[in-house]
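Below is one structure, written out as structure tokens, with a few remarks after it.
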Amino acid sequence: DDTVATWPPNQDFLDKLGLGKADDKQWWQEKTGLKPPSMWNVTGAIDLLPKVPISSHQKTRAIEILDDAVHGVTNVWSDETLEELRTLMQSADFWCYRSSDAFIKAYGGPYVLGQEEGKLKLLKGAPHTSLTEQICRGHNLVYELIHLTKPPEPGFNTLIFGLNLRRSGSHYHQDMIDLLKAKNAPLVSRQLVVTTVYYEKLEDDNGKELVLWKPILNFNPRDDSLYMAARGIQTLHGMVHVQRAGLQSYTQHGVFHTPIFEDGDIEPVSDARRGYRVAITARITFPDSDKRLEPYLENDHYSSVLGPDGNKTICLSRNE
């Protein structure tokens with residue numbers, strides 16, 4: 001991918017965007033909350049297809065659906081920004097209870113949880129703070145510098161904080177789901193993915209999980225376990241997971257705890273995650289998304305409504 005070969009972006013490109021010098025720590029911290037691009041580490045996804053028990057035809061179809069672009073950016077947020085996020089997430093009554101060991105919170109526009117009619121939950125977004133606005137701007141910039149194009153208007157304007165205490169996760173469909181209009185209502189079509197991963201216990205859990213992509217079409221491995229996927233990328237504390245638009249119509253993905261086995265071993269090398277994981281996902285919602293939701297609210301398409309205010313407090317351990 002050209003974005004890897006030419007990383008970091010040249011100064012002429014940054015100048016055209018009105019951005020600071022590629023190594024100016026002070027400018028990037030004050031204006032964006034990010035480290036300068038010269039410090040970022042970029043990586044592509046791991047090809048898992050050689051280990052997947054499916055036909056060569058299905059492997060070919062999976063390759064056609066998935067890309068080889070940059071999907072992970074590490075060493076990207078400044079230490080100050082990560083500390084501000086920790087303080088925000090442990091503030092009183094920050095979280096809304098979702099289910100099981102899952103908690104959630106949104107800023108900006110609304111978002112609809114769930115993937116099936118009759119099981120949808122509406123999550124209302126709280127007004128942005130200066131910090132959450134900065135996180136949206138940072139996500140926009142990371143996407144633009146990785147893919148050399150701006151996100152669709154109005155850009156990333158909504159943040160969803162999703163916390164799991166210990167549970168792994170489940171595959172989810174990031175883009176619009178055909179015929180599920182009550183879910184799609186607030187979202188601009190062809191959604192991009194930019195997610196920051198935050199770990200409560202950095203020393204214990206950093207690098208224990210993967211983002212996994214599972215194609216929907218022509219992908220039926222004989223072993224259809226949770227971890228059977230076509231692509232994966234290791235998640236690190238503070239990492240930004242980036243995915244262009246267009247893949248989500250044909251793939252599902254999620255962040256999972258995946259115990260690491262060495263060849264021939266029957267016991268995992270890594271233990272289960274010991275602390276919370278928070279996925280902070282940026283979404284693009286319509287400016288009038290609340291109005292677009294009105295007919296679905298009036299006709300009881302949502303089983304419940306969460307937010308915008310939270311009622312749960314979860315203290316995050318300090319990563320030291």
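Here's how to read the names in the structure tokens: chain A, B, ... by the order shown, residue numbers from 1 in each chain, ligand numbers from 1 in the order shown.
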
Determine, counting only C-alpha atoms, which protein, DNA and RNA residues have an atom within 12 Å of an atom of Lys119 of chain A; residues of the same chain fewer than 6 positions away are not included. Present the result as an mmCIF file with N, CA, C and O atoms, in the first residue's frame.
data_model
loop_
_atom_site.group_PDB
_atom_site.id
_atom_site.type_symbol
_atom_site.label_atom_id
_atom_site.label_comp_id
_atom_site.auth_asym_id
_atom_site.auth_seq_id
_atom_site.Cartn_x
_atom_site.Cartn_y
_atom_site.Cartn_z
ATOM 1 N N VAL A 112 -27.867 3.323 17.013
ATOM 2 C CA VAL A 112 -28.797 2.228 17.288
ATOM 3 C C VAL A 112 -28.020 0.935 17.453
ATOM 4 O O VAL A 112 -27.254 0.523 16.576
ATOM 5 N N LEU A 113 -28.188 0.291 18.598
ATOM 6 C CA LEU A 113 -27.519 -0.964 18.912
ATOM 7 C C LEU A 113 -28.368 -2.140 18.450
ATOM 8 O O LEU A 113 -29.599 -2.070 18.446
ATOM 9 N N LEU A 180 -33.024 -2.948 7.440
ATOM 10 C CA LEU A 180 -33.147 -2.605 8.857
ATOM 11 C C LEU A 180 -33.101 -1.072 8.992
ATOM 12 O O LEU A 180 -32.159 -0.491 9.518
ATOM 13 N N ALA A 182 -34.689 1.098 10.777
ATOM 14 C CA ALA A 182 -34.686 1.715 12.101
ATOM 15 C C ALA A 182 -33.272 1.812 12.666
ATOM 16 O O ALA A 182 -32.978 2.699 13.464
ATOM 17 N N LYS A 183 -32.387 0.907 12.255
ATOM 18 C CA LYS A 183 -30.993 0.966 12.681
ATOM 19 C C LYS A 183 -30.206 1.964 11.838
ATOM 20 O O LYS A 183 -29.359 2.699 12.341
ATOM 21 N N ASP A 300 -42.491 2.486 17.945
ATOM 22 C CA ASP A 300 -41.925 1.510 18.894
ATOM 23 C C ASP A 300 -40.991 0.499 18.253
ATOM 24 O O ASP A 300 -41.055 -0.703 18.515
ATOM 25 N N HIS A 301 -40.070 0.999 17.418
ATOM 26 C CA HIS A 301 -39.092 0.103 16.800
ATOM 27 C C HIS A 301 -37.946 -0.246 17.749
ATOM 28 O O HIS A 301 -37.174 -1.151 17.448
ATOM 29 N N TYR A 302 -37.829 0.478 18.866
ATOM 30 C CA TYR A 302 -36.712 0.253 19.778
ATOM 31 C C TYR A 302 -37.214 -0.344 21.084
ATOM 32 O O TYR A 302 -38.155 0.165 21.695
ATOM 33 N N SER A 303 -36.565 -1.423 21.501
ATOM 34 C CA SER A 303 -36.996 -2.102 22.723
ATOM 35 C C SER A 303 -36.689 -1.283 23.968
ATOM 36 O O SER A 303 -37.345 -1.448 24.997
ATOM 37 N N SER A 304 -35.689 -0.411 23.889
ATOM 38 C CA SER A 304 -35.363 0.465 25.008
ATOM 39 C C SER A 304 -34.551 1.649 24.491
ATOM 40 O O SER A 304 -34.031 1.624 23.367
ATOM 41 N N VAL A 305 -34.465 2.671 25.327
ATOM 42 C CA VAL A 305 -33.683 3.864 24.998
ATOM 43 C C VAL A 305 -32.663 4.091 26.104
ATOM 44 O O VAL A 305 -33.012 4.133 27.292
#

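Each of A:Lys150, A:Asp47, A:Ser78, A:Ala62 was compared to Trp27 of chain A using only C-alpha atoms, and A:Ser78 turns out to be the nearest.
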
Which neighbours of Arg166 of chain A fall inside 7 Å, counting only C-alpha atoms, when residues of the same chain fewer than 4 positions from it are skipped, and could you give them as a PDB file with C-alpha atoms, in the first residue's frame?
ATOM      1  CA  ARG A 273      -7.879 -10.451  29.862  1.00  0.00           C
ATOM      2  CA  ARG A 274      -7.714  -9.265  33.474  1.00  0.00           C
ATOM      3  CA  GLY A 275      -9.099  -5.744  33.115  1.00  0.00           C
ATOM      4  CA  TYR A 276     -11.679  -3.755  31.201  1.00  0.00           C
TER       5      TYR A 276
END

Legend entry - Residues within 10 Å of Val52 of chain A, only C-alpha atoms, excluding chain neighbours under 5 positions, as a list of chain:residue names: A:Lys59, A:Phe219, A:Asn220, A:Pro221, A:Arg222, A:Asp223, A:Asp224, A:Met228, A:Ala229, A:Ala230

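Of note, atom CA of Ala22 of chain A and atom CA of Asn10 of chain A are spaced 7.8 Å apart.
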
Inset, instruction - Find the spatial neighbours of Ile284 of chain A, counting only C-alpha atoms, within a cut-off of 12 Å - ignore same-chain residues fewer than 3 positions away - and output them as number ranges by chain. - result: A: 107-111, 136, 139-140, 151-160, 174-176, 184-194, 245, 281, 287-289

Keeping only N, CA, C and O atoms, take the residues you just selected and write them out as a compact mmCIF listing (two decimals), in the first residue's frame.
# COMPACT_ATOMS: atom_id res chain seq x y z
N TYR A 107 -21.47 10.28 22.58
CA TYR A 107 -21.41 11.74 22.47
C TYR A 107 -21.70 12.12 21.03
O TYR A 107 -21.27 11.45 20.09
N GLY A 108 -22.41 13.23 20.85
CA GLY A 108 -22.76 13.67 19.50
C GLY A 108 -24.11 13.13 19.11
O GLY A 108 -25.09 13.24 19.84
N GLY A 109 -24.18 12.54 17.93
CA GLY A 109 -25.45 12.03 17.44
C GLY A 109 -25.86 10.73 18.09
O GLY A 109 -25.08 10.12 18.83
N PRO A 110 -27.06 10.24 17.81
CA PRO A 110 -27.54 8.97 18.36
C PRO A 110 -26.96 7.79 17.58
O PRO A 110 -26.43 7.94 16.48
N TYR A 111 -27.10 6.62 18.16
CA TYR A 111 -26.67 5.39 17.51
C TYR A 111 -27.65 4.28 17.91
O TYR A 111 -28.20 4.32 19.01
N CYS A 136 -12.88 13.34 18.13
CA CYS A 136 -13.47 13.25 16.78
C CYS A 136 -12.52 13.84 15.75
O CYS A 136 -12.29 13.24 14.68
N HIS A 139 -9.65 11.45 15.16
CA HIS A 139 -10.03 10.30 14.34
C HIS A 139 -10.15 10.70 12.87
O HIS A 139 -9.75 9.93 11.97
N ASN A 140 -10.71 11.88 12.60
CA ASN A 140 -10.79 12.35 11.22
C ASN A 140 -9.41 12.48 10.60
O ASN A 140 -9.18 12.08 9.45
N PRO A 151 -12.87 11.78 5.28
CA PRO A 151 -14.13 11.03 5.46
C PRO A 151 -15.28 11.82 4.84
O PRO A 151 -15.19 13.04 4.67
N PRO A 152 -16.36 11.14 4.48
CA PRO A 152 -17.53 11.84 3.92
C PRO A 152 -18.05 12.90 4.89
O PRO A 152 -17.93 12.75 6.11
N GLU A 153 -18.61 13.96 4.34
CA GLU A 153 -19.22 15.00 5.18
C GLU A 153 -20.37 14.42 6.00
O GLU A 153 -21.09 13.55 5.53
N PRO A 154 -20.55 14.86 7.23
CA PRO A 154 -19.82 15.93 7.92
C PRO A 154 -18.58 15.45 8.66
O PRO A 154 -18.07 16.16 9.53
N GLY A 155 -18.05 14.28 8.34
CA GLY A 155 -16.91 13.73 9.05
C GLY A 155 -17.34 13.05 10.35
O GLY A 155 -18.51 13.07 10.72
N PHE A 156 -16.39 12.45 11.01
CA PHE A 156 -16.70 11.76 12.27
C PHE A 156 -17.20 12.78 13.30
O PHE A 156 -16.48 13.69 13.69
N ASN A 157 -18.44 12.61 13.70
CA ASN A 157 -19.08 13.59 14.60
C ASN A 157 -19.76 12.93 15.80
O ASN A 157 -20.37 13.61 16.61
N THR A 158 -19.66 11.61 15.91
CA THR A 158 -20.27 10.87 17.02
C THR A 158 -19.26 9.87 17.57
O THR A 158 -18.55 9.22 16.80
N LEU A 159 -19.20 9.76 18.88
CA LEU A 159 -18.33 8.78 19.54
C LEU A 159 -19.16 7.81 20.35
O LEU A 159 -20.06 8.24 21.08
N ILE A 160 -18.85 6.52 20.24
CA ILE A 160 -19.49 5.50 21.06
C ILE A 160 -18.40 4.83 21.90
O ILE A 160 -17.46 4.23 21.35
N GLN A 174 -20.60 -3.35 10.76
CA GLN A 174 -20.35 -1.92 10.97
C GLN A 174 -21.15 -1.03 10.04
O GLN A 174 -21.50 0.09 10.37
N ASP A 175 -21.44 -1.51 8.84
CA ASP A 175 -22.14 -0.69 7.86
C ASP A 175 -23.64 -0.89 8.01
O ASP A 175 -24.12 -1.57 8.91
N MET A 176 -24.40 -0.28 7.11
CA MET A 176 -25.85 -0.42 7.15
C MET A 176 -26.26 -1.87 6.87
O MET A 176 -25.60 -2.57 6.11
N ASN A 184 -30.50 1.98 10.55
CA ASN A 184 -29.73 2.80 9.63
C ASN A 184 -30.05 4.29 9.70
O ASN A 184 -29.25 5.12 9.25
N ALA A 185 -31.19 4.64 10.27
CA ALA A 185 -31.72 6.00 10.17
C ALA A 185 -30.72 7.12 10.47
O ALA A 185 -30.64 8.10 9.73
N PRO A 186 -29.93 7.05 11.56
CA PRO A 186 -29.05 8.17 11.86
C PRO A 186 -27.73 8.17 11.10
O PRO A 186 -26.99 9.16 11.15
N LEU A 187 -27.41 7.08 10.39
CA LEU A 187 -26.08 6.91 9.83
C LEU A 187 -25.97 7.34 8.38
O LEU A 187 -26.82 7.02 7.55
N VAL A 188 -24.89 8.05 8.05
CA VAL A 188 -24.53 8.28 6.66
C VAL A 188 -24.16 6.92 6.05
O VAL A 188 -23.56 6.08 6.71
N SER A 189 -24.52 6.70 4.78
CA SER A 189 -24.25 5.39 4.17
C SER A 189 -22.76 5.16 3.98
O SER A 189 -21.96 6.09 3.98
N ARG A 190 -22.39 3.89 3.81
CA ARG A 190 -21.01 3.46 3.60
C ARG A 190 -20.10 3.99 4.71
O ARG A 190 -19.22 4.82 4.50
N GLN A 191 -20.34 3.46 5.90
CA GLN A 191 -19.60 3.91 7.08
C GLN A 191 -18.13 3.47 7.06
O GLN A 191 -17.81 2.34 6.67
N LEU A 192 -17.27 4.36 7.47
CA LEU A 192 -15.87 4.05 7.71
C LEU A 192 -15.74 3.52 9.14
O LEU A 192 -16.68 3.59 9.92
N VAL A 193 -14.58 3.01 9.48
CA VAL A 193 -14.33 2.53 10.84
C VAL A 193 -13.05 3.18 11.36
O VAL A 193 -12.00 3.05 10.75
N VAL A 194 -13.14 3.88 12.47
CA VAL A 194 -11.97 4.36 13.18
C VAL A 194 -12.26 4.17 14.66
O VAL A 194 -13.16 4.79 15.20
N ALA A 245 -14.25 2.69 3.91
CA ALA A 245 -15.64 2.34 3.60
C ALA A 245 -15.69 1.27 2.53
O ALA A 245 -14.77 1.12 1.73
N THR A 281 -15.33 4.20 19.35
CA THR A 281 -15.56 4.18 17.90
C THR A 281 -16.17 5.49 17.42
O THR A 281 -17.15 5.97 17.99
N PRO A 287 -26.57 15.40 10.53
CA PRO A 287 -26.83 16.50 11.46
C PRO A 287 -28.26 16.51 11.99
O PRO A 287 -28.51 16.95 13.12
N ASP A 288 -29.21 16.00 11.19
CA ASP A 288 -30.61 15.96 11.62
C ASP A 288 -31.03 14.54 12.01
O ASP A 288 -32.19 14.16 11.83
N SER A 289 -30.09 13.76 12.55
CA SER A 289 -30.37 12.36 12.84
C SER A 289 -31.49 12.18 13.85
O SER A 289 -32.26 11.21 13.78

Inset, instruction - Find the residues near Leu14 of chain A: any atom within 12 Å, counting only C-alpha atoms, skip ones fewer than 5 places away on the same chain, and give them as a PyMOL selection string. - result: chain A and resi 8-9+19-24+28+36-38+141+144-145+148

Inset, instruction - as number ranges by chain, list the residues of segment 13-174 of chain A assigned to strand (DSSP E or B) by DSSP on the backbone atoms of this structure. - result: A: 34, 41-44, 46-47, 70-74, 77, 95-99, 102-107, 111-113, 121-123, 126, 158-164, 172

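Excluding segment 72-77 of chain A and any residue on its chain fewer than 6 positions from it, the residues at most 8 Å away by only C-alpha atoms are Gly33, Leu34, Lys35, Pro36, Pro37, Met39, Trp40, Asn41, Val42, Thr43, Gly44, Ala45, Ile233, Leu236, Gly238, Met239, Val240, His241 and Val242 of chain A.
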
Saved selection, atoms kept: N, CA and C atoms, as an mmCIF file, in the first residue's frame:
data_model
loop_
_atom_site.group_PDB
_atom_site.id
_atom_site.type_symbol
_atom_site.label_atom_id
_atom_site.label_comp_id
_atom_site.auth_asym_id
_atom_site.auth_seq_id
_atom_site.Cartn_x
_atom_site.Cartn_y
_atom_site.Cartn_z
ATOM 1 N N GLY A 33 -4.493 16.599 19.933
ATOM 2 C CA GLY A 33 -4.414 15.559 20.947
ATOM 3 C C GLY A 33 -3.612 14.349 20.506
ATOM 4 N N LEU A 34 -3.015 14.427 19.314
ATOM 5 C CA LEU A 34 -2.239 13.314 18.764
ATOM 6 C C LEU A 34 -0.744 13.565 18.927
ATOM 7 N N LYS A 35 0.028 12.487 18.831
ATOM 8 C CA LYS A 35 1.463 12.637 18.647
ATOM 9 C C LYS A 35 1.714 13.023 17.188
ATOM 10 N N PRO A 36 2.865 13.605 16.866
ATOM 11 C CA PRO A 36 3.140 13.953 15.467
ATOM 12 C C PRO A 36 3.244 12.693 14.615
ATOM 13 N N PRO A 37 2.834 12.751 13.334
ATOM 14 C CA PRO A 37 2.832 11.561 12.473
ATOM 15 C C PRO A 37 4.184 10.869 12.362
ATOM 16 N N MET A 39 5.961 9.944 14.599
ATOM 17 C CA MET A 39 6.077 8.980 15.693
ATOM 18 C C MET A 39 5.102 7.814 15.552
ATOM 19 N N TRP A 40 4.126 7.905 14.641
ATOM 20 C CA TRP A 40 3.137 6.845 14.500
ATOM 21 C C TRP A 40 3.781 5.592 13.911
ATOM 22 N N ASN A 41 3.248 4.441 14.307
ATOM 23 C CA ASN A 41 3.614 3.168 13.683
ATOM 24 C C ASN A 41 2.390 2.631 12.954
ATOM 25 N N VAL A 42 2.540 2.273 11.686
ATOM 26 C CA VAL A 42 1.406 1.784 10.910
ATOM 27 C C VAL A 42 1.654 0.339 10.505
ATOM 28 N N THR A 43 0.566 -0.435 10.456
ATOM 29 C CA THR A 43 0.695 -1.844 10.098
ATOM 30 C C THR A 43 -0.565 -2.327 9.404
ATOM 31 N N GLY A 44 -0.410 -3.340 8.567
ATOM 32 C CA GLY A 44 -1.549 -3.959 7.912
ATOM 33 C C GLY A 44 -2.069 -5.134 8.716
ATOM 34 N N ALA A 45 -3.128 -5.752 8.220
ATOM 35 C CA ALA A 45 -3.716 -6.900 8.912
ATOM 36 C C ALA A 45 -2.918 -8.165 8.626
ATOM 37 N N ILE A 233 -5.721 -8.366 13.332
ATOM 38 C CA ILE A 233 -4.662 -7.432 13.698
ATOM 39 C C ILE A 233 -4.603 -7.345 15.217
ATOM 40 N N LEU A 236 -3.272 -3.042 20.578
ATOM 41 C CA LEU A 236 -2.419 -2.509 21.624
ATOM 42 C C LEU A 236 -3.097 -1.303 22.262
ATOM 43 N N GLY A 238 -4.229 2.139 23.215
ATOM 44 C CA GLY A 238 -4.160 3.417 22.517
ATOM 45 C C GLY A 238 -4.122 3.300 21.007
ATOM 46 N N MET A 239 -4.160 2.078 20.486
ATOM 47 C CA MET A 239 -4.126 1.876 19.042
ATOM 48 C C MET A 239 -5.394 2.402 18.381
ATOM 49 N N VAL A 240 -5.253 2.933 17.170
ATOM 50 C CA VAL A 240 -6.401 3.299 16.355
ATOM 51 C C VAL A 240 -6.538 2.274 15.238
ATOM 52 N N HIS A 241 -7.682 1.595 15.204
ATOM 53 C CA HIS A 241 -8.012 0.638 14.143
ATOM 54 C C HIS A 241 -8.736 1.399 13.043
ATOM 55 N N VAL A 242 -8.216 1.318 11.815
ATOM 56 C CA VAL A 242 -8.730 2.112 10.691
ATOM 57 C C VAL A 242 -9.191 1.184 9.579
#
